[in-house]
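Q: upload_26.cif is reproduced below (mmCIF, C-alpha atoms (C1' of nucleotides)).
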data_model
#
loop_
_atom_site.label_atom_id
_atom_site.label_comp_id
_atom_site.auth_asym_id
_atom_site.auth_seq_id
_atom_site.Cartn_x
_atom_site.Cartn_y
_atom_site.Cartn_z
CA MET M 1 21.76 -4.81 -16.90
CA SER M 2 23.46 -7.93 -15.57
CA ALA M 3 22.55 -9.05 -12.08
CA LEU M 4 24.80 -8.24 -9.15
CA SER M 5 24.19 -11.70 -7.70
CA PRO M 6 22.79 -14.90 -9.24
CA LEU M 7 19.07 -15.57 -9.29
CA THR M 8 17.44 -18.53 -7.60
CA PRO M 9 15.13 -20.71 -9.71
CA ARG M 10 12.04 -19.06 -8.21
CA GLN M 11 13.42 -15.58 -8.74
CA ALA M 12 14.22 -16.53 -12.34
CA THR M 13 10.67 -17.82 -12.77
CA VAL M 14 9.23 -14.50 -11.67
CA PHE M 15 11.66 -12.57 -13.86
CA ASN M 16 10.92 -14.68 -16.92
CA LEU M 17 7.20 -14.27 -16.51
CA LEU M 18 7.68 -10.51 -16.19
CA LYS M 19 9.62 -10.49 -19.44
CA THR M 20 6.99 -12.59 -21.16
CA LEU M 21 4.09 -10.39 -20.18
CA LYS M 22 3.96 -7.34 -22.39
CA GLN M 23 2.61 -5.07 -19.70
CA GLU M 24 3.39 -4.04 -16.17
CA VAL M 25 1.64 -6.16 -13.56
CA SER M 26 1.04 -6.19 -9.83
CA ALA M 27 2.51 -8.75 -7.45
CA GLN M 28 -0.93 -10.17 -6.85
CA THR M 29 -1.48 -10.61 -10.58
CA LEU M 30 1.89 -12.31 -10.95
CA TYR M 31 0.97 -14.66 -8.14
CA ALA M 32 -2.32 -15.58 -9.80
CA GLU M 33 -0.69 -15.87 -13.21
CA LEU M 34 1.90 -18.30 -11.91
CA ARG M 35 -0.82 -20.49 -10.45
CA GLY M 36 -2.44 -20.56 -13.86
CA HIS M 37 0.82 -21.85 -15.29
CA GLN M 38 0.99 -24.67 -12.75
CA GLN M 39 3.98 -22.95 -11.19
CA CYS M 40 2.76 -22.29 -7.70
CA LEU M 41 4.99 -19.97 -5.71
CA GLY M 42 4.07 -18.67 -2.31
CA LEU M 43 2.79 -15.13 -2.28
CA ALA M 44 5.60 -14.05 0.03
CA THR M 45 8.12 -15.57 -2.36
CA VAL M 46 6.74 -13.49 -5.22
CA TYR M 47 7.14 -10.32 -3.17
CA ARG M 48 10.63 -11.34 -2.07
CA ALA M 49 11.66 -12.15 -5.62
CA LEU M 50 10.40 -8.78 -6.86
CA LYS M 51 12.27 -7.02 -4.10
CA HIS M 52 15.44 -8.90 -4.98
CA LEU M 53 15.07 -8.18 -8.68
CA GLN M 54 14.65 -4.50 -7.85
CA LEU M 55 17.87 -4.53 -5.87
CA GLN M 56 19.57 -6.08 -8.87
CA GLY M 57 18.40 -3.19 -10.97
CA ILE M 58 16.60 -5.38 -13.49
CA VAL M 59 13.01 -4.76 -12.42
CA GLN M 60 11.30 -1.43 -11.90
CA THR M 61 8.08 -0.39 -10.27
CA ARG M 62 5.61 2.43 -10.23
CA SER M 63 2.45 2.94 -8.21
CA LEU M 64 -1.02 3.28 -9.62
CA PRO M 65 -3.39 5.94 -8.27
CA ASN M 66 -5.01 3.31 -6.06
CA GLY M 67 -1.70 2.67 -4.35
CA GLU M 68 -1.04 -0.66 -5.98
CA LEU M 69 2.52 -1.24 -7.18
CA VAL M 70 3.09 -2.61 -10.68
CA TYR M 71 6.32 -4.14 -11.93
CA SER M 72 8.10 -4.47 -15.26
CA PRO M 73 11.60 -5.14 -16.61
CA VAL M 74 13.74 -1.99 -16.58
CA SER M 75 14.45 -2.25 -20.29
CA GLU M 76 11.11 -0.73 -21.08
CA ASP M 77 11.59 3.00 -21.06
CA ARG M 78 7.89 3.64 -20.95
CA HIS M 79 6.02 6.48 -19.30
CA TYR M 80 2.42 7.37 -18.69
CA VAL M 81 -0.24 10.01 -18.58
CA THR M 82 -2.66 9.27 -15.78
CA CYS M 83 -6.04 10.72 -14.85
CA VAL M 84 -6.15 11.57 -11.15
CA LYS M 85 -9.87 10.90 -11.06
CA CYS M 86 -10.62 7.69 -12.92
CA GLY M 87 -7.06 6.34 -12.99
CA THR M 88 -6.92 5.88 -16.73
CA SER M 89 -3.28 5.42 -17.72
CA VAL M 90 -2.07 6.01 -21.25
CA PRO M 91 1.54 5.18 -22.24
CA LEU M 92 3.78 7.65 -24.04
CA GLU M 93 5.48 6.54 -27.22
CA HIS M 94 8.73 8.33 -26.57
CA CYS M 95 10.59 9.28 -23.43
CA PRO M 96 10.99 13.06 -23.07
CA VAL M 97 14.06 12.49 -20.90
CA ASN M 98 16.70 11.28 -23.31
CA GLU M 99 19.76 12.31 -21.36
CA PRO M 100 19.00 12.53 -17.65
CA LEU M 101 20.91 15.59 -16.52
CA LEU M 102 21.56 14.76 -12.90
CA PRO M 103 23.38 17.32 -10.79
CA LYS M 104 27.02 16.57 -10.08
CA ALA M 105 26.16 16.26 -6.39
CA ILE M 106 23.84 13.33 -7.05
CA THR M 107 25.70 11.23 -9.58
CA PRO M 108 28.55 9.89 -7.43
CA ARG M 109 26.19 9.08 -4.58
CA PHE M 110 23.72 6.99 -6.53
CA LYS M 111 23.93 4.22 -9.06
CA ILE M 112 20.86 4.91 -11.20
CA PHE M 113 18.89 1.91 -12.45
CA TYR M 114 15.91 3.58 -14.08
CA HIS M 115 13.64 6.59 -13.93
CA THR M 116 9.92 7.13 -13.96
CA LEU M 117 8.30 10.09 -15.65
CA GLU M 118 4.59 10.46 -15.27
CA PHE M 119 2.08 13.13 -16.16
CA PHE M 120 -1.07 13.60 -14.11
CA GLY M 121 -4.24 15.46 -14.86
CA LEU M 122 -7.81 14.89 -15.95
CA CYS M 123 -8.90 13.00 -19.02
CA SER M 124 -11.53 14.75 -21.11
CA PRO M 125 -14.58 12.90 -19.73
CA CYS M 126 -13.50 13.48 -16.13
CA LEU M 127 -12.70 17.11 -16.80
CA GLU M 128 -16.21 17.66 -18.08
CA GLN M 129 -17.71 16.00 -15.03
CA GLU M 130 -15.71 18.29 -12.76
CA THR M 131 -16.50 21.56 -14.51
CA VAL M 132 -20.17 20.82 -15.02
CA ALA M 133 -20.83 19.46 -11.55
CA MET K 1 -3.71 27.13 -10.80
CA SER K 2 -7.10 28.46 -9.71
CA ALA K 3 -9.57 25.95 -8.37
CA LEU K 4 -12.32 24.61 -10.57
CA SER K 5 -14.76 24.76 -7.67
CA PRO K 6 -14.64 26.62 -4.33
CA LEU K 7 -13.00 25.06 -1.29
CA THR K 8 -14.81 24.35 1.94
CA PRO K 9 -13.25 25.70 5.15
CA ARG K 10 -11.82 22.28 6.02
CA GLN K 11 -10.41 21.80 2.55
CA ALA K 12 -8.83 25.24 2.77
CA THR K 13 -7.34 24.34 6.16
CA VAL K 14 -5.66 21.30 4.67
CA PHE K 15 -4.46 23.24 1.66
CA ASN K 16 -3.05 26.07 3.78
CA LEU K 17 -1.15 23.68 6.02
CA LEU K 18 0.27 22.00 2.93
CA LYS K 19 1.49 25.34 1.64
CA THR K 20 2.96 26.23 5.03
CA LEU K 21 4.95 23.02 5.37
CA LYS K 22 8.07 23.20 3.29
CA GLN K 23 8.12 19.52 2.48
CA GLU K 24 5.82 16.87 1.10
CA VAL K 25 3.87 15.02 3.79
CA SER K 26 1.61 12.01 4.12
CA ALA K 27 -2.10 12.18 4.94
CA GLN K 28 -1.41 10.62 8.32
CA THR K 29 1.19 13.26 9.11
CA LEU K 30 -1.19 16.02 8.05
CA TYR K 31 -3.82 14.57 10.34
CA ALA K 32 -1.42 14.51 13.29
CA GLU K 33 -0.09 17.96 12.46
CA LEU K 34 -3.59 19.44 12.46
CA ARG K 35 -4.27 17.98 15.89
CA GLY K 36 -1.12 19.65 17.11
CA HIS K 37 -2.49 22.96 15.88
CA GLN K 38 -5.76 22.47 17.76
CA GLN K 39 -7.52 22.07 14.43
CA CYS K 40 -8.93 18.60 14.71
CA LEU K 41 -10.28 17.25 11.44
CA GLY K 42 -11.48 13.70 11.03
CA LEU K 43 -9.01 11.42 9.30
CA ALA K 44 -11.49 10.69 6.54
CA THR K 45 -11.97 14.40 6.01
CA VAL K 46 -8.25 14.85 5.50
CA TYR K 47 -8.26 12.13 2.85
CA ARG K 48 -11.34 13.57 1.20
CA ALA K 49 -9.86 17.05 1.18
CA LEU K 50 -6.64 15.79 -0.40
CA LYS K 51 -8.62 13.94 -3.04
CA HIS K 52 -10.62 17.05 -3.80
CA LEU K 53 -7.51 19.24 -3.99
CA GLN K 54 -6.01 16.75 -6.42
CA LEU K 55 -9.06 16.96 -8.64
CA GLN K 56 -8.69 20.73 -8.59
CA GLY K 57 -5.17 20.35 -9.87
CA ILE K 58 -3.61 22.25 -6.98
CA VAL K 59 -2.16 19.34 -5.01
CA GLN K 60 0.07 16.58 -6.31
CA THR K 61 1.18 13.28 -4.90
CA ARG K 62 3.89 10.71 -5.27
CA SER K 63 4.39 7.39 -3.55
CA LEU K 64 7.35 6.46 -1.40
CA PRO K 65 9.00 3.04 -1.75
CA ASN K 66 7.00 1.81 1.24
CA GLY K 67 3.77 2.57 -0.60
CA GLU K 68 2.85 5.60 1.44
CA LEU K 69 1.54 8.57 -0.53
CA VAL K 70 2.93 12.03 0.15
CA TYR K 71 1.33 15.28 -0.92
CA SER K 72 2.49 18.78 -1.82
CA PRO K 73 1.24 21.86 -3.68
CA VAL K 74 1.70 21.50 -7.44
CA SER K 75 3.72 24.68 -7.68
CA GLU K 76 6.79 22.87 -6.48
CA ASP K 77 8.43 21.39 -9.55
CA ARG K 78 10.63 19.15 -7.48
CA HIS K 79 11.92 15.70 -8.30
CA TYR K 80 13.85 13.01 -6.49
CA VAL K 81 16.51 10.37 -6.59
CA THR K 82 15.47 7.42 -4.47
CA CYS K 83 17.33 4.35 -3.24
CA VAL K 84 15.30 1.21 -3.88
CA LYS K 85 16.83 -0.47 -0.85
CA CYS K 86 16.83 1.99 2.04
CA GLY K 87 14.33 4.46 0.59
CA THR K 88 16.58 7.49 0.93
CA SER K 89 15.13 10.28 -1.20
CA VAL K 90 17.22 13.22 -2.37
CA PRO K 91 15.60 16.15 -4.21
CA LEU K 92 16.93 17.49 -7.50
CA GLU K 93 17.66 21.18 -7.78
CA HIS K 94 16.43 21.55 -11.33
CA CYS K 95 13.81 19.76 -13.35
CA PRO K 96 15.28 17.98 -16.40
CA VAL K 97 11.90 18.24 -18.14
CA ASN K 98 11.53 21.89 -18.97
CA GLU K 99 9.16 21.58 -21.87
CA PRO K 100 7.11 18.40 -21.60
CA LEU K 101 6.88 17.18 -25.17
CA LEU K 102 3.67 15.25 -25.06
CA PRO K 103 2.57 13.49 -28.24
CA LYS K 104 -0.20 15.17 -30.17
CA ALA K 105 -2.42 12.19 -29.48
CA ILE K 106 -2.27 12.78 -25.72
CA THR K 107 -2.59 16.55 -25.40
CA PRO K 108 -6.20 17.02 -26.46
CA ARG K 109 -7.34 14.11 -24.32
CA PHE K 110 -5.78 15.20 -21.04
CA LYS K 111 -5.57 18.42 -19.10
CA ILE K 112 -2.15 18.09 -17.46
CA PHE K 113 -1.80 19.35 -13.88
CA TYR K 114 1.73 18.25 -13.04
CA HIS K 115 4.34 15.61 -13.71
CA THR K 116 6.57 13.47 -11.55
CA LEU K 117 10.06 12.55 -12.58
CA GLU K 118 11.96 10.22 -10.31
CA PHE K 119 15.22 8.37 -10.52
CA PHE K 120 15.71 5.05 -8.77
CA GLY K 121 18.84 3.15 -7.94
CA LEU K 122 21.13 2.39 -5.04
CA CYS K 123 22.82 4.93 -2.84
CA SER K 124 26.53 4.33 -2.25
CA PRO K 125 26.20 2.60 1.13
CA CYS K 126 23.48 0.25 -0.11
CA LEU K 127 25.41 -0.48 -3.31
CA GLU K 128 28.40 -1.59 -1.26
CA GLN K 129 26.24 -3.84 0.89
CA GLU K 130 24.83 -5.50 -2.20
CA THR K 131 28.11 -6.12 -4.00
CA VAL K 132 29.98 -7.31 -0.91
CA ALA K 133 27.25 -9.55 0.44
"C1'" DT A 1 28.70 -39.45 1.42
"C1'" DT A 2 27.42 -37.09 5.66
"C1'" DG A 3 26.52 -33.28 8.47
"C1'" DC A 4 26.15 -28.57 9.21
"C1'" DA A 5 25.29 -23.49 8.26
"C1'" DG A 6 22.97 -20.24 5.89
"C1'" DA A 7 19.68 -18.96 2.60
"C1'" DA A 8 15.21 -19.69 0.35
"C1'" DT A 9 10.51 -20.96 0.53
"C1'" DG A 10 5.65 -21.59 2.08
"C1'" DA A 11 1.87 -20.65 4.94
"C1'" DT A 12 -0.27 -17.53 7.49
"C1'" DA A 13 -0.77 -13.89 10.91
"C1'" DA A 14 -0.01 -8.98 11.57
"C1'" DT A 15 0.39 -4.28 9.93
"C1'" DC A 16 -1.22 -0.13 8.29
"C1'" DA A 17 -2.58 3.26 4.92
"C1'" DT A 18 -6.64 3.97 2.60
"C1'" DT A 19 -11.55 3.52 1.59
"C1'" DA A 20 -16.41 2.59 2.61
"C1'" DT A 21 -20.26 3.10 5.48
"C1'" DC A 22 -23.40 5.34 8.10
"C1'" DT A 23 -24.88 8.96 11.07
"C1'" DT A 24 -24.94 13.79 12.18
"C1'" DA A 25 -24.10 18.63 11.21
"C1'" DA A 26 -23.75 22.37 8.05
"C1'" DT A 27 -25.05 24.69 3.88
"C1'" DT A 28 -27.83 25.80 0.08
"C1'" DT A 29 -32.18 26.33 -2.31
"C1'" DA A 30 -36.94 26.85 -3.06
"C1'" DT I 1 -38.64 28.04 7.52
"C1'" DA I 2 -38.29 23.49 5.54
"C1'" DA I 3 -36.48 20.34 2.43
"C1'" DA I 4 -32.56 18.83 -0.09
"C1'" DT I 5 -27.86 18.48 -0.81
"C1'" DT I 6 -23.26 18.37 0.66
"C1'" DA I 7 -19.62 18.09 4.16
"C1'" DA I 8 -17.78 16.12 8.17
"C1'" DG I 9 -16.92 12.75 11.99
"C1'" DA I 10 -16.37 8.23 13.76
"C1'" DT I 11 -15.31 3.88 12.92
"C1'" DA I 12 -15.45 -0.59 10.57
"C1'" DA I 13 -13.78 -2.90 6.42
"C1'" DT I 14 -10.57 -3.61 2.79
"C1'" DG I 15 -6.54 -5.21 0.78
"C1'" DA I 16 -1.82 -4.93 -0.51
"C1'" DT I 17 2.39 -5.62 1.71
"C1'" DT I 18 5.39 -7.21 5.44
"C1'" DA I 19 6.77 -10.04 9.42
"C1'" DT I 20 7.07 -14.38 11.57
"C1'" DC I 21 8.27 -18.96 11.97
"C1'" DA I 22 8.73 -23.61 10.67
"C1'" DT I 23 10.45 -26.33 6.85
"C1'" DT I 24 13.15 -27.32 2.80
"C1'" DC I 25 16.90 -26.61 -0.18
"C1'" DT I 26 21.86 -25.48 -1.35
"C1'" DG I 27 26.67 -25.31 -0.89
"C1'" DC I 28 30.65 -26.66 1.35
"C1'" DA I 29 33.82 -28.97 4.52
"C1'" DA I 30 35.26 -33.06 6.73
#
The structure in this file should be written as structure tokens.
A:
Amino acid sequence: MSALSPLTPRQATVFNLLKTLKQEVSAQTLYAELRGHQQCLGLATVYRALKHLQLQGIVQTRSLPNGELVYSPVSEDRHYVTCVKCGTSVPLEHCPVNEPLLPKAITPRFKIFYHTLEFFGLCSPCLEQETVA
Amino acid sequence: MSALSPLTPRQATVFNLLKTLKQEVSAQTLYAELRGHQQCLGLATVYRALKHLQLQGIVQTRSLPNGELVYSPVSEDRHYVTCVKCGTSVPLEHCPVNEPLLPKAITPRFKIFYHTLEFFGLCSPCLEQETVA
DNA sequence: TTGCAGAATGATAATCATTATCTTAATTTA
DNA sequence: TAAATTAAGATAATGATTATCATTCTGCAA
């Protein structure tokens, strides 16, 4: 959980805001949010900070159906059910992967920071639209 | 596994190529591959076909660290360990989620097609680079 | 303290996968 | 057959992300 290398003030700013927000957010949203807090960072700096925080293993990311990447602290072991049509994303309350059973061949070659588990399908309204149409 | 609505010839072409290829591929790669096989589809058609196949629940997608989306038939219950730095992606041999235990509140509201389970971290070479540097 | 080297930052241009638009062709239906 | 609907092709537009480059900051040695 501790960082491999120290954070710069800007990187810490981004990390702190991420911890404050109770939901995963995109880089663009972070950028806008920071402006709202009178803490104007360059857009490139936000992306660089997120990249750095990922390399430290303290920030994770997943991609929404529209391709946008959203970020959150790794501490949140939260997973989602997502509709492939409308993009509705509902969080799961518990993680079905308590003890990640990684093959012996993988473990020594990777230092695992986090995992993402996501279910995809159709939500009820979208399923009706598809079958009726 | 059966489609909710019939496939057009072009959609079937895309689906068949996906089943032929033994690995997940991007839409751009599919487009180029089809040209190589003298079956020239418009790029937009490839994207539309993939979208349609997703809605049918017979094609799944996941996003690479660079944001690119890659597609594969849903039958493959394959998952990956990915390095957040260099993007190296190694498949797992077995799925650690045999029986997806979805909360009662989710099940009736979603028809699940597939799930993605991915582990992220640093591969050994990248981990060394980070700690040394 | 001063000067230098390397990293961080900001601003903005460039990239590139994806989507939207619009026209034409194919398919279905009455 | 003709009209209506859907699919497909070509290409412009979008928009998130990355690259570039000039500037500023930081740490350290003299």
Q: Which residue gives the smallest distance to Cys83 of chain M among M:Ala12, M:Ile58, M:Leu50, M:Leu64, with all atoms listed in the file counted?
A: M:Leu64
Q: Identify, on the basis of only C-alpha atoms (C1' of nucleotides), every residue whose closest approach to DT6 of chain I does not exceed 12 Å; exclude the query and any residue fewer than 2 positions from it along the same chain; express the result as a list in words.
A: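 Listed by chain and then number, they are Thr8 of chain K; DA25, DA26, DT27 and DT28 of chain A; DA4 and DA8 of chain I.
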Q: Output C-alpha atoms (C1' of nucleotides) for every residue in the selection just made, as a compact mmCIF listing (two decimals), in the coordinates of the input.
A:
# COMPACT_ATOMS: atom_id res chain seq x y z
CA THR K 8 -14.81 24.35 1.94
C1' DA A 25 -24.10 18.63 11.21
C1' DA A 26 -23.75 22.37 8.05
C1' DT A 27 -25.05 24.69 3.88
C1' DT A 28 -27.83 25.80 0.08
C1' DA I 4 -32.56 18.83 -0.09
C1' DA I 8 -17.78 16.12 8.17
Q: Taking the file as shown, find all residues satisfying the PyMOL selection byres ((chain A and resi 18) around 10) and write them as a list in words.
A: Asn66 and Gly67 of chain M; Ala27, Ala44, Tyr47, Glu68 and Leu69 of chain K; DC16, DA17, DT19 and DA20 of chain A; DT14 and DG15 of chain I
Q: List, as a list in words, every residue that the PyMOL selection byres ((chain M) within 6 of (chain K)) selects in the file provided.
A: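 When the PyMOL selection byres ((chain M) within 6 of (chain K)) is applied, the selected residues are Arg109, Phe110, Lys111, Ile112, Phe113, Tyr114, His115, Thr116, Leu117, Glu118, Phe119, Phe120, Gly121, Leu122, Cys123 and Ser124 of chain M.
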Q: Would you kindly translate the PyMOL selection byres ((chain A and resi 4-12) around 6) into the concrete residues it picks from this file, as a JSON list (two decimals) with C-alpha atoms (C1' of nucleotides), keeping the file's coordinate frame?
A:
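Ended up saving to result-v4.json:
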[["chain", "number", "residue", "atom", "x", "y", "z"],
["M", 42, "GLY", "CA", 4.07, -18.67, -2.31],
["A", 3, "DG", "C1'", 26.52, -33.28, 8.47],
["A", 13, "DA", "C1'", -0.77, -13.89, 10.91]]
Q: For a test of reading the model, state the distance in Å between atom C1' of DA30 of chain A and atom CA of Leu7 of chain K, rounded to one decimal.
A: 24.1 Å
Q: Pick out the residues sitting within 12 Å of DA10 of chain I, and hand them over as a JSON list (two decimals) with C-alpha atoms (C1' of nucleotides), in the coordinates of the input; count all atoms listed in the file, and ignore anything fewer than 3 positions along from it in its own chain.
A:
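This went into result14.json:
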[["chain", "number", "residue", "atom", "x", "y", "z"],
["K", 41, "LEU", "CA", -10.28, 17.25, 11.44],
["K", 42, "GLY", "CA", -11.48, 13.70, 11.03],
["K", 43, "LEU", "CA", -9.01, 11.42, 9.30],
["K", 44, "ALA", "CA", -11.49, 10.69, 6.54],
["K", 45, "THR", "CA", -11.97, 14.40, 6.01],
["A", 21, "DT", "C1'", -20.26, 3.10, 5.48],
["A", 22, "DC", "C1'", -23.40, 5.34, 8.10],
["A", 23, "DT", "C1'", -24.88, 8.96, 11.07],
["A", 24, "DT", "C1'", -24.94, 13.79, 12.18]]
Q: Go through K:Pro9, K:Gly87, K:Val14, K:Gln28 and flag the residue nearest chain A, using all atoms listed in the file for the distances.
A: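 Of K:Pro9, K:Gly87, K:Val14, K:Gln28, the one nearest chain A, counting all atoms listed in the file, is K:Gln28.
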Q: Point out the residue among M:Ser72, M:Cys40, M:Lys22, M:Cys86 with the least atom-to-atom distance to chain A, counting only C-alpha atoms (C1' of nucleotides).
A: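 For chain A, the nearest of the given residues is M:Cys40.
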Q: Report the distance between atom CA of Ser26 of chain K and atom CA of Ser26 of chain M in Å, rounded to one decimal place.
A: 22.9 Å
Q: Rounded to one decimal in Å, what is the spacing between atom CA of Thr13 of chain K and atom CA of Arg48 of chain K?
A: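 Those two atoms sit 12.5 Å apart.
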Q: Out of I:DA13, I:DA29, I:DC21, I:DA7, which residue has the shortest atom-to-atom distance to chain K when counting all atoms listed in the file?
A: I:DA7
Q: Looking at only C-alpha atoms, which of K:Ser89, K:Leu17, K:Pro6, K:Gln39 is the one that sits closest to Pro73 of chain K?
A: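 Checking each candidate against Pro73 of chain K, we get K:Leu17 as the closest.
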Q: Would you please work out which residue, of K:Leu53, K:Leu21, K:Val46, K:Val59, is nearest to chain A when using all atoms listed in the file?
A: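 The closest residue to chain A is K:Val46.
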Q: If the cut-off is 10 Å, can you tell me the residues of chain I near chain M, counting all atoms listed in the file? I'd like them as a list in words.
A: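 Taken together, these residues fit the definition: DG15, DA16, DT17 and DT18 of chain I.
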